[in-house]
file entry-v3.tsv (TSV, C-alpha atoms and all ligand atoms)
chain	number	residue	atom	x	y	z
A	129	MET	CA	-13.19	14.93	11.56
A	130	ILE	CA	-9.49	14.16	11.23
A	131	THR	CA	-8.53	12.96	7.72
A	132	PRO	CA	-5.87	10.28	7.09
A	133	ARG	CA	-2.26	11.36	7.00
A	134	TYR	CA	0.50	9.46	5.19
A	135	ASP	CA	4.15	10.24	5.94
A	136	VAL	CA	6.96	8.73	3.90
A	137	ILE	CA	10.58	8.78	5.06
A	138	THR	CA	13.17	8.07	2.36
A	139	ILE	CA	16.61	9.06	1.13
A	140	PHE	CA	15.03	9.59	-2.33
A	141	PRO	CA	12.17	12.08	-1.82
A	142	ASP	CA	11.90	12.61	-5.63
A	143	TYR	CA	10.94	8.94	-5.99
A	144	MET	CA	7.64	9.81	-4.32
A	145	SER	CA	6.58	12.43	-6.89
A	146	PRO	CA	3.75	10.15	-8.20
A	147	LEU	CA	1.94	10.99	-4.95
A	148	SER	CA	0.86	14.26	-6.56
A	149	LEU	CA	-0.65	12.48	-9.60
A	150	SER	CA	-3.88	10.70	-10.45
A	151	LEU	CA	-6.03	9.17	-7.72
A	152	ILE	CA	-3.81	10.08	-4.75
A	153	GLY	CA	-3.03	13.61	-5.99
A	154	LYS	CA	-6.70	14.33	-6.66
A	155	ALA	CA	-7.76	12.95	-3.27
A	156	GLU	CA	-5.24	15.22	-1.57
A	157	GLU	CA	-6.39	18.24	-3.62
A	158	ARG	CA	-9.94	17.50	-2.48
A	159	GLY	CA	-8.82	17.55	1.17
A	160	LEU	CA	-9.59	13.86	1.75
A	161	LEU	CA	-6.09	13.11	3.02
A	162	THR	CA	-2.58	14.51	3.50
A	163	THR	CA	0.73	13.10	2.27
A	164	LYS	CA	4.14	14.31	3.32
A	165	VAL	CA	7.60	13.16	2.26
A	166	THR	CA	10.59	13.57	4.58
A	167	ASP	CA	14.22	13.27	3.52
A	168	LEU	CA	16.04	10.97	5.94
A	169	ARG	CA	19.30	12.72	5.13
A	170	ASN	CA	18.07	15.87	6.91
A	171	PHE	CA	18.49	13.87	10.12
A	172	ALA	CA	21.99	12.59	9.36
A	173	THR	CA	24.98	14.23	10.96
A	174	GLY	CA	28.64	14.41	9.90
A	175	VAL	CA	30.26	15.88	6.82
A	176	HIS	CA	29.03	13.12	4.54
A	177	LYS	CA	25.50	12.99	5.98
A	178	SER	CA	25.88	9.24	5.93
A	179	VAL	CA	22.86	7.08	6.83
A	180	ASP	CA	24.46	3.62	6.70
A	181	ASP	CA	27.29	1.62	8.17
A	182	THR	CA	28.89	-1.83	7.99
A	183	PRO	CA	26.89	-4.76	9.43
A	184	TYR	CA	27.72	-6.20	12.84
A	185	GLY	CA	28.67	-9.83	12.36
A	186	GLY	CA	30.20	-9.09	8.95
A	187	GLY	CA	28.86	-9.83	5.50
A	188	ALA	CA	28.24	-7.94	2.30
A	189	GLY	CA	26.48	-4.60	2.00
A	190	MET	CA	25.62	-1.79	4.38
A	191	VAL	CA	22.88	-1.41	6.99
A	192	MET	CA	20.89	1.77	7.61
A	193	SER	CA	21.77	3.34	10.95
A	194	PRO	CA	19.05	3.57	13.64
A	195	VAL	CA	20.33	7.05	14.61
A	196	PRO	CA	18.89	9.19	11.76
A	197	TRP	CA	15.90	6.86	11.49
A	198	GLY	CA	15.01	7.41	15.16
A	199	GLU	CA	15.32	11.19	14.80
A	200	ALA	CA	13.26	11.28	11.60
A	201	ILE	CA	10.44	9.06	12.92
A	202	ASP	CA	10.26	11.04	16.18
A	203	ALA	CA	10.09	14.34	14.25
A	204	VAL	CA	7.34	13.09	11.92
A	205	ALA	CA	5.32	11.67	14.83
A	206	HIS	CA	5.76	14.88	16.80
A	207	GLU	CA	4.54	17.02	13.91
A	208	ALA	CA	1.52	14.75	13.40
A	209	GLU	CA	0.72	14.84	17.12
A	210	ALA	CA	0.63	18.63	16.95
A	211	ASP	CA	-2.05	18.18	14.26
A	212	GLY	CA	-4.09	15.83	16.47
A	213	TYR	CA	-2.86	12.37	15.36
A	214	GLU	CA	-2.37	10.44	18.60
A	215	GLU	CA	-1.52	7.00	17.22
A	216	HIS	CA	1.00	6.15	14.54
A	217	THR	CA	1.31	3.00	12.44
A	218	LEU	CA	4.95	2.64	11.47
A	219	ILE	CA	5.23	0.55	8.32
A	220	ILE	CA	8.73	-0.78	7.79
A	221	LEU	CA	9.07	-1.98	4.21
A	222	THR	CA	10.97	-5.25	4.01
A	223	PRO	CA	10.79	-8.42	1.89
A	224	ALA	CA	10.78	-10.23	5.26
A	225	GLY	CA	7.46	-8.68	6.30
A	226	ARG	CA	3.76	-9.62	6.17
A	227	LYS	CA	2.70	-9.83	2.57
A	228	LEU	CA	0.37	-7.12	1.32
A	229	ASP	CA	-3.09	-8.32	0.31
A	230	GLN	CA	-6.51	-6.73	0.03
A	231	ALA	CA	-7.36	-7.59	3.66
A	232	LEU	CA	-4.26	-5.72	4.85
A	233	ALA	CA	-5.12	-2.77	2.55
A	234	TYR	CA	-8.57	-2.57	4.21
A	235	GLU	CA	-6.95	-2.79	7.66
A	236	LEU	CA	-4.53	0.05	6.86
A	237	ALA	CA	-7.33	2.16	5.38
A	238	GLN	CA	-8.90	2.24	8.88
A	239	ARG	CA	-5.80	3.87	10.39
A	240	LYS	CA	-5.46	7.62	10.52
A	241	HIS	CA	-1.69	8.00	10.50
A	242	LEU	CA	0.72	5.79	8.59
A	243	ILE	CA	4.47	6.38	8.55
A	244	PHE	CA	6.34	4.51	5.80
A	245	ALA	CA	10.02	3.79	6.46
A	246	CYS	CA	11.70	3.09	3.11
A	247	GLY	CA	14.80	0.97	3.51
A	248	ARG	CA	17.77	0.88	1.15
A	249	TYR	CA	21.01	-1.17	1.12
A	250	GLU	CA	20.55	-4.28	3.34
A	251	GLY	CA	17.69	-2.65	5.22
A	252	ILE	CA	17.21	-0.75	8.48
A	253	ASP	CA	18.88	-1.65	11.81
A	254	TYR	CA	16.38	-3.95	13.54
A	255	ARG	CA	16.39	-1.86	16.72
A	256	ILE	CA	14.02	0.54	14.93
A	257	THR	CA	11.42	-2.27	14.87
A	258	GLU	CA	12.19	-3.17	18.50
A	259	HIS	CA	12.19	0.38	19.86
A	260	TYR	CA	8.94	1.57	18.26
A	261	SER	CA	7.19	-1.74	19.03
A	262	ALA	CA	7.76	-0.91	22.70
A	263	ARG	CA	6.26	2.60	22.48
A	264	PRO	CA	2.52	2.57	23.20
A	265	GLN	CA	1.53	5.25	20.70
A	266	PHE	CA	3.15	3.26	17.86
A	267	LYS	CA	1.97	0.12	16.09
A	268	VAL	CA	4.81	-1.35	14.05
A	269	MET	CA	4.16	-3.47	10.96
A	270	GLU	CA	6.83	-4.97	8.73
A	271	VAL	CA	5.28	-5.20	5.28
A	272	SER	CA	6.40	-6.81	2.03
A	273	ILE	CA	4.73	-6.35	-1.36
A	274	GLY	CA	5.80	-9.79	-2.60
A	275	ASP	CA	8.39	-12.51	-2.61
A	276	TYR	CA	11.11	-10.68	-4.52
A	277	VAL	CA	13.75	-8.14	-3.55
A	278	LEU	CA	13.55	-4.52	-4.68
A	279	GLY	CA	16.34	-1.97	-4.39
A	280	GLY	CA	14.39	0.15	-1.91
A	281	GLY	CA	11.08	0.62	-0.13
A	282	GLU	CA	9.85	3.57	-2.24
A	283	VAL	CA	8.06	1.59	-4.95
A	284	ALA	CA	6.59	-0.71	-2.28
A	285	THR	CA	5.27	2.36	-0.44
A	286	LEU	CA	3.60	3.65	-3.61
A	287	VAL	CA	1.99	0.25	-4.17
A	288	ILE	CA	0.62	0.13	-0.61
A	289	LEU	CA	-0.57	3.73	-0.70
A	290	GLU	CA	-2.39	3.21	-3.98
A	291	ALA	CA	-4.12	0.09	-2.63
A	292	VAL	CA	-5.05	1.82	0.65
A	293	ILE	CA	-6.07	5.27	-0.56
A	294	ARG	CA	-8.65	4.03	-3.08
A	295	LEU	CA	-10.48	2.49	-0.09
A	296	ILE	CA	-10.76	5.82	1.76
A	297	PRO	CA	-14.39	6.98	1.67
A	298	GLY	CA	-14.95	9.54	-1.09
A	299	VAL	CA	-11.75	8.80	-3.04
A	300	ILE	CA	-13.50	6.62	-5.62
A	301	GLY	CA	-16.64	8.23	-6.99
A	302	ASN	CA	-18.73	5.06	-7.09
A	303	ALA	CA	-18.12	3.13	-3.85
A	304	GLU	CA	-20.18	0.24	-5.27
A	305	SER	CA	-17.29	-0.59	-7.61
A	306	LEU	CA	-15.14	-1.49	-4.58
A	307	LYS	CA	-17.53	-4.29	-3.59
A	308	GLU	CA	-17.35	-6.08	-6.92
A	309	GLU	CA	-13.63	-6.37	-7.53
A	310	SER	CA	-10.90	-8.95	-7.27
A	311	HIS	CA	-10.00	-10.12	-3.76
A	312	THR	CA	-13.11	-8.42	-2.31
A	313	LEU	CA	-15.76	-10.47	-4.14
A	314	VAL	CA	-16.72	-13.60	-2.19
A	315	ASP	CA	-18.75	-16.66	-3.13
A	316	GLU	CA	-21.29	-18.52	-0.97
A	317	GLU	CA	-18.41	-20.18	0.95
A	318	THR	CA	-16.98	-16.67	1.45
A	319	GLU	CA	-13.81	-17.56	-0.40
A	320	PRO	CA	-12.14	-14.46	-1.91
A	321	LEU	CA	-12.47	-14.50	-5.68
A	322	VAL	CA	-10.83	-12.56	-8.47
A	323	GLU	CA	-13.13	-10.48	-10.63
A	324	TYR	CA	-15.09	-11.78	-13.62
A	325	PRO	CA	-13.94	-10.54	-17.08
A	326	ASN	CA	-15.24	-7.13	-18.14
A	327	TYR	CA	-16.37	-5.95	-21.58
A	328	THR	CA	-17.36	-2.61	-23.11
A	329	LYS	CA	-18.39	-1.31	-26.56
A	330	PRO	CA	-18.15	-2.19	-29.43
A	331	PRO	CA	-20.27	-5.38	-29.21
A	332	VAL	CA	-18.03	-7.11	-31.80
A	333	TRP	CA	-14.29	-6.54	-31.96
A	334	ARG	CA	-12.05	-8.54	-34.34
A	335	ASP	CA	-14.78	-11.18	-34.68
A	336	LEU	CA	-15.04	-11.53	-30.91
A	337	GLU	CA	-18.53	-11.00	-29.50
A	338	VAL	CA	-19.45	-9.86	-26.02
A	339	PRO	CA	-20.98	-12.82	-24.11
A	340	THR	CA	-24.73	-12.95	-24.80
A	341	GLU	CA	-25.58	-13.02	-21.06
A	342	LEU	CA	-24.11	-9.51	-20.61
A	343	VAL	CA	-26.27	-8.01	-23.35
A	344	SER	CA	-29.41	-9.93	-22.31
A	345	GLY	CA	-30.69	-7.20	-19.97
A	346	ASN	CA	-31.56	-10.02	-17.51
A	347	HIS	CA	-29.94	-9.01	-14.20
A	348	GLY	CA	-30.31	-12.47	-12.66
A	349	LEU	CA	-28.62	-14.10	-15.63
A	350	ILE	CA	-25.82	-11.49	-15.63
A	351	ALA	CA	-25.16	-12.01	-11.90
A	352	LYS	CA	-25.08	-15.80	-12.37
A	353	TRP	CA	-22.70	-15.54	-15.35
A	354	ARG	CA	-20.38	-13.20	-13.44
A	355	ALA	CA	-20.33	-15.43	-10.35
A	356	ALA	CA	-19.49	-18.48	-12.49
A	357	LYS	CA	-16.70	-16.64	-14.35
A	358	ALA	CA	-15.20	-15.25	-11.14
A	359	ARG	CA	-15.08	-18.76	-9.69
A	360	GLU	CA	-13.63	-20.19	-12.94
A	361	ARG	CA	-10.86	-17.56	-13.03
A	362	THR	CA	-10.06	-18.08	-9.33
A	363	GLU	CA	-9.82	-21.86	-9.85
A	364	LYS	CA	-7.49	-21.35	-12.84
A	365	LEU	CA	-5.05	-19.43	-10.64
A	366	LYS	CA	-4.69	-22.46	-8.38
A	367	ASP	CA	-3.24	-24.63	-11.23
B	1	LIG	N1	18.69	-7.51	2.80
B	1	LIG	C1	17.26	-7.46	2.66
B	1	LIG	C2	16.72	-8.88	2.72
B	1	LIG	O1	17.37	-9.80	2.22
B	1	LIG	O2	15.61	-9.07	3.24
B	1	LIG	C3	16.86	-6.81	1.35
B	1	LIG	C4	17.14	-5.33	1.31
B	1	LIG	S1	16.54	-4.54	-0.12
B	1	LIG	C5	17.90	-4.63	-1.20
B	1	LIG	C6	16.51	-2.85	0.34
B	1	LIG	C7	15.18	-2.34	0.80
B	1	LIG	O3	14.23	-2.44	-0.24
B	1	LIG	C8	14.54	-3.03	1.98
B	1	LIG	O4	15.08	-2.59	3.21
B	1	LIG	C9	13.09	-2.65	1.83
B	1	LIG	O5	12.81	-1.39	2.38
B	1	LIG	C10	12.94	-2.59	0.32
B	1	LIG	N2	12.33	-3.80	-0.25
B	1	LIG	C11	12.94	-4.70	-1.03
B	1	LIG	N3	12.10	-5.67	-1.41
B	1	LIG	C12	10.90	-5.38	-0.86
B	1	LIG	C13	9.64	-6.02	-0.88
B	1	LIG	N4	9.44	-7.16	-1.52
B	1	LIG	N5	8.64	-5.44	-0.19
B	1	LIG	C14	8.83	-4.29	0.50
B	1	LIG	N6	10.02	-3.64	0.55
B	1	LIG	C15	11.04	-4.17	-0.12
call {"tool": "encode", "arguments": {"input": "entry-v3.tsv", "output": "C-alpha cells"}}
result
Amino acid sequence: MITPRYDVITIFPDYMSPLSLSLIGKAEERGLLTTKVTDLRNFATGVHKSVDDTPYGGGAGMVMSPVPWGEAIDAVAHEAEADGYEEHTLIILTPAGRKLDQALAYELAQRKHLIFACGRYEGIDYRITEHYSARPQFKVMEVSIGDYVLGGGEVATLVILEAVIRLIPGVIGNAESLKEESHTLVDEETEPLVEYPNYTKPPVWRDLEVPTELVSGNHGLIAKWRAAKARERTEKLKD
C-alpha cells in the first residue's frame, strides 16, 4: 500500500527541520509516511536566483514569480508520479484561504500526496492557483491557519502537517485517544465540543483535589461528568 507523501516547497528549507523531530520524525522513521523539502531557489534562474518581482498594478512589497514556482511544483509532482502518486493536492498557504480546522485536517489526512507551497513577501502570483486548478491531476486548496498575517508559509505548513499526520493510522499508539479530543468530540446534537479538563496524579496538588467523579471508579458517572464539562467549556468559548 502506498503511504502518504508530504512535499514542502520553500525558500527556507532549514525552517522545516522540525519535520525530523517528535511525532512526524518518528512516523517517518517507522515508514508510515515520507516528507521531502524542496528549495524553490533551485528553480530560479539568473545571477541573483531571484524568486520575486514588483507587483502589477503597483503597491508596496514584492510578489513571488510564477516561473520558479511552476518549475518546482512540476518537478515535485513528476518525482512523486514516478513513485506511484497519481493525484496531488497543492496547498497554497495564504491568510486569504480556507481556515484550518479539525474537519479539514481529517480531509487532508485522507489524501496521499500533499504539496505545500510556502509563500513569502506579498504571496505567490495568483496564476499558480489558476494554472494548477485547471490540471486534472491536481486539487488546489488555499489554506490559512488563522486570521493573522505571518511572514511566510513555513510555520503554517508545520501546523497543518502536525494536525494531519497525527490522524494517519498507526502514528498515534492509542487511536482511541483521537476520538475523545477537542473538535472531534460531539454531543447528542452532534455539535463539535472541546475536550473536558484532564487530571493526573497526585490526587491533591496545592490544596486542589481531583474531582470526586473521576476517582469514583463509576464509568457511567465519569462519562456523564466529562460530557457536562466538555459542553460547559464549549459554551464558555462562545462568550
Ligand atoms: N499579502 C498577503 C495578504 O495580505 O494576504 C500576506 C502575505 S504574508 C506576509 C507572506 C506569506 O506568509 C503568505 O504568502 C503565506 O504563504 C504566509 N502566510 C501568512 N499568514 C498566513 C496564514 N494566516 N496562514 C497561512 N499562511 C500564511
call {"tool": "residues_near_ligand", "arguments": {"input": "entry-v3.tsv", "ligand": "ligand LIG 1 (chain B)", "cutoff": "7 Å", "atoms": "all atoms listed in the file", "output": "number ranges by chain"}}
result
A: 220-224, 246-252, 271-281, 284
call {"tool": "write_last_selection", "arguments": {"input": "entry-v3.tsv", "atoms": "C-alpha atoms", "output": "PDB file, in the frame of the given file"}}
result
ATOM      1  CA  ILE A 220       8.730  -0.780   7.790  1.00  0.00           C
ATOM      2  CA  LEU A 221       9.070  -1.980   4.210  1.00  0.00           C
ATOM      3  CA  THR A 222      10.970  -5.250   4.010  1.00  0.00           C
ATOM      4  CA  PRO A 223      10.790  -8.420   1.890  1.00  0.00           C
ATOM      5  CA  ALA A 224      10.780 -10.230   5.260  1.00  0.00           C
ATOM      6  CA  CYS A 246      11.700   3.090   3.110  1.00  0.00           C
ATOM      7  CA  GLY A 247      14.800   0.970   3.510  1.00  0.00           C
ATOM      8  CA  ARG A 248      17.770   0.880   1.150  1.00  0.00           C
ATOM      9  CA  TYR A 249      21.010  -1.170   1.120  1.00  0.00           C
ATOM     10  CA  GLU A 250      20.550  -4.280   3.340  1.00  0.00           C
ATOM     11  CA  GLY A 251      17.690  -2.650   5.220  1.00  0.00           C
ATOM     12  CA  ILE A 252      17.210  -0.750   8.480  1.00  0.00           C
ATOM     13  CA  VAL A 271       5.280  -5.200   5.280  1.00  0.00           C
ATOM     14  CA  SER A 272       6.400  -6.810   2.030  1.00  0.00           C
ATOM     15  CA  ILE A 273       4.730  -6.350  -1.360  1.00  0.00           C
ATOM     16  CA  GLY A 274       5.800  -9.790  -2.600  1.00  0.00           C
ATOM     17  CA  ASP A 275       8.390 -12.510  -2.610  1.00  0.00           C
ATOM     18  CA  TYR A 276      11.110 -10.680  -4.520  1.00  0.00           C
ATOM     19  CA  VAL A 277      13.750  -8.140  -3.550  1.00  0.00           C
ATOM     20  CA  LEU A 278      13.550  -4.520  -4.680  1.00  0.00           C
ATOM     21  CA  GLY A 279      16.340  -1.970  -4.390  1.00  0.00           C
ATOM     22  CA  GLY A 280      14.390   0.150  -1.910  1.00  0.00           C
ATOM     23  CA  GLY A 281      11.080   0.620  -0.130  1.00  0.00           C
ATOM     24  CA  ALA A 284       6.590  -0.710  -2.280  1.00  0.00           C
TER      25      ALA A 284
END
call {"tool": "closest_residue", "arguments": {"input": "entry-v3.tsv", "among": "A:Gln238, A:Ser193, A:Gln230, A:Ser145", "to": "Thr131 (chain A)", "atoms": "all atoms listed in the file"}}
result
A:Gln238
call {"tool": "closest_residue", "arguments": {"input": "entry-v3.tsv", "among": "A:Pro325, A:Asp253, A:Ala351, A:Lys177", "to": "Met190 (chain A)", "atoms": "all atoms listed in the file"}}
result
A:Asp253
call {"tool": "residues_near_point", "arguments": {"input": "entry-v3.tsv", "point": "(-0.9, 9.6, 3.5)", "cutoff": "6 Å", "atoms": "all atoms listed in the file", "output": "JSON, numbers by chain"}}
result
{"A": [133, 134, 135, 162, 163]}
call {"tool": "atom_distance", "arguments": {"input": "entry-v3.tsv", "atom1": "CA of Ile201 (chain A)", "atom2": "CA of Pro297 (chain A)"}}
result
27.3 Å
call {"tool": "atom_distance", "arguments": {"input": "entry-v3.tsv", "atom1": "CA of Thr257 (chain A)", "atom2": "CA of Ile219 (chain A)"}}
result
9.4 Å
call {"tool": "residues_around", "arguments": {"input": "entry-v3.tsv", "residues": "Ala231 (chain A)", "least_positions_apart": "3", "cutoff": "12 Å", "atoms": "all atoms listed in the file", "output": "compact mmCIF listing (two decimals) with C-alpha atoms, keeping the file's coordinate frame"}}
result
# COMPACT_ATOMS: atom_id res chain seq x y z
CA ARG A 226 3.76 -9.62 6.17
CA LYS A 227 2.70 -9.83 2.57
CA LEU A 228 0.37 -7.12 1.32
CA TYR A 234 -8.57 -2.57 4.21
CA GLU A 235 -6.95 -2.79 7.66
CA LEU A 236 -4.53 0.05 6.86
CA ALA A 237 -7.33 2.16 5.38
CA GLN A 238 -8.90 2.24 8.88
CA ILE A 288 0.62 0.13 -0.61
CA ALA A 291 -4.12 0.09 -2.63
CA VAL A 292 -5.05 1.82 0.65
CA LEU A 295 -10.48 2.49 -0.09
CA SER A 310 -10.90 -8.95 -7.27
CA HIS A 311 -10.00 -10.12 -3.76
CA THR A 312 -13.11 -8.42 -2.31
CA LEU A 313 -15.76 -10.47 -4.14
CA PRO A 320 -12.14 -14.46 -1.91
call {"tool": "atom_distance", "arguments": {"input": "entry-v3.tsv", "atom1": "CA of Val136 (chain A)", "atom2": "CA of Leu289 (chain A)"}}
result
10.1 Å
call {"tool": "residues_near_point", "arguments": {"input": "entry-v3.tsv", "point": "(25.3, 10.2, 9.8)", "cutoff": "12 Å", "atoms": "all atoms listed in the file", "output": "list in words"}}
result
Leu168, Arg169, Asn170, Phe171, Ala172, Thr173, Gly174, Val175, His176, Lys177, Ser178, Val179, Asp180, Asp181, Met192, Ser193, Pro194, Val195, Pro196, Trp197, Gly198 and Glu199 of chain A
call {"tool": "residues_around", "arguments": {"input": "entry-v3.tsv", "residues": "Arg361 (chain A)", "least_positions_apart": "5", "cutoff": "9 Å", "atoms": "all atoms listed in the file", "output": "ChimeraX atom specification"}}
result
/A:321-325,356
call {"tool": "write_last_selection", "arguments": {"input": "entry-v3.tsv", "atoms": "C-alpha atoms", "output": "PDB file, keeping the file's coordinate frame"}}
result
ATOM      1  CA  LEU A 321     -12.470 -14.500  -5.680  1.00  0.00           C
ATOM      2  CA  VAL A 322     -10.830 -12.560  -8.470  1.00  0.00           C
ATOM      3  CA  GLU A 323     -13.130 -10.480 -10.630  1.00  0.00           C
ATOM      4  CA  TYR A 324     -15.090 -11.780 -13.620  1.00  0.00           C
ATOM      5  CA  PRO A 325     -13.940 -10.540 -17.080  1.00  0.00           C
ATOM      6  CA  ALA A 356     -19.490 -18.480 -12.490  1.00  0.00           C
TER       7      ALA A 356
END
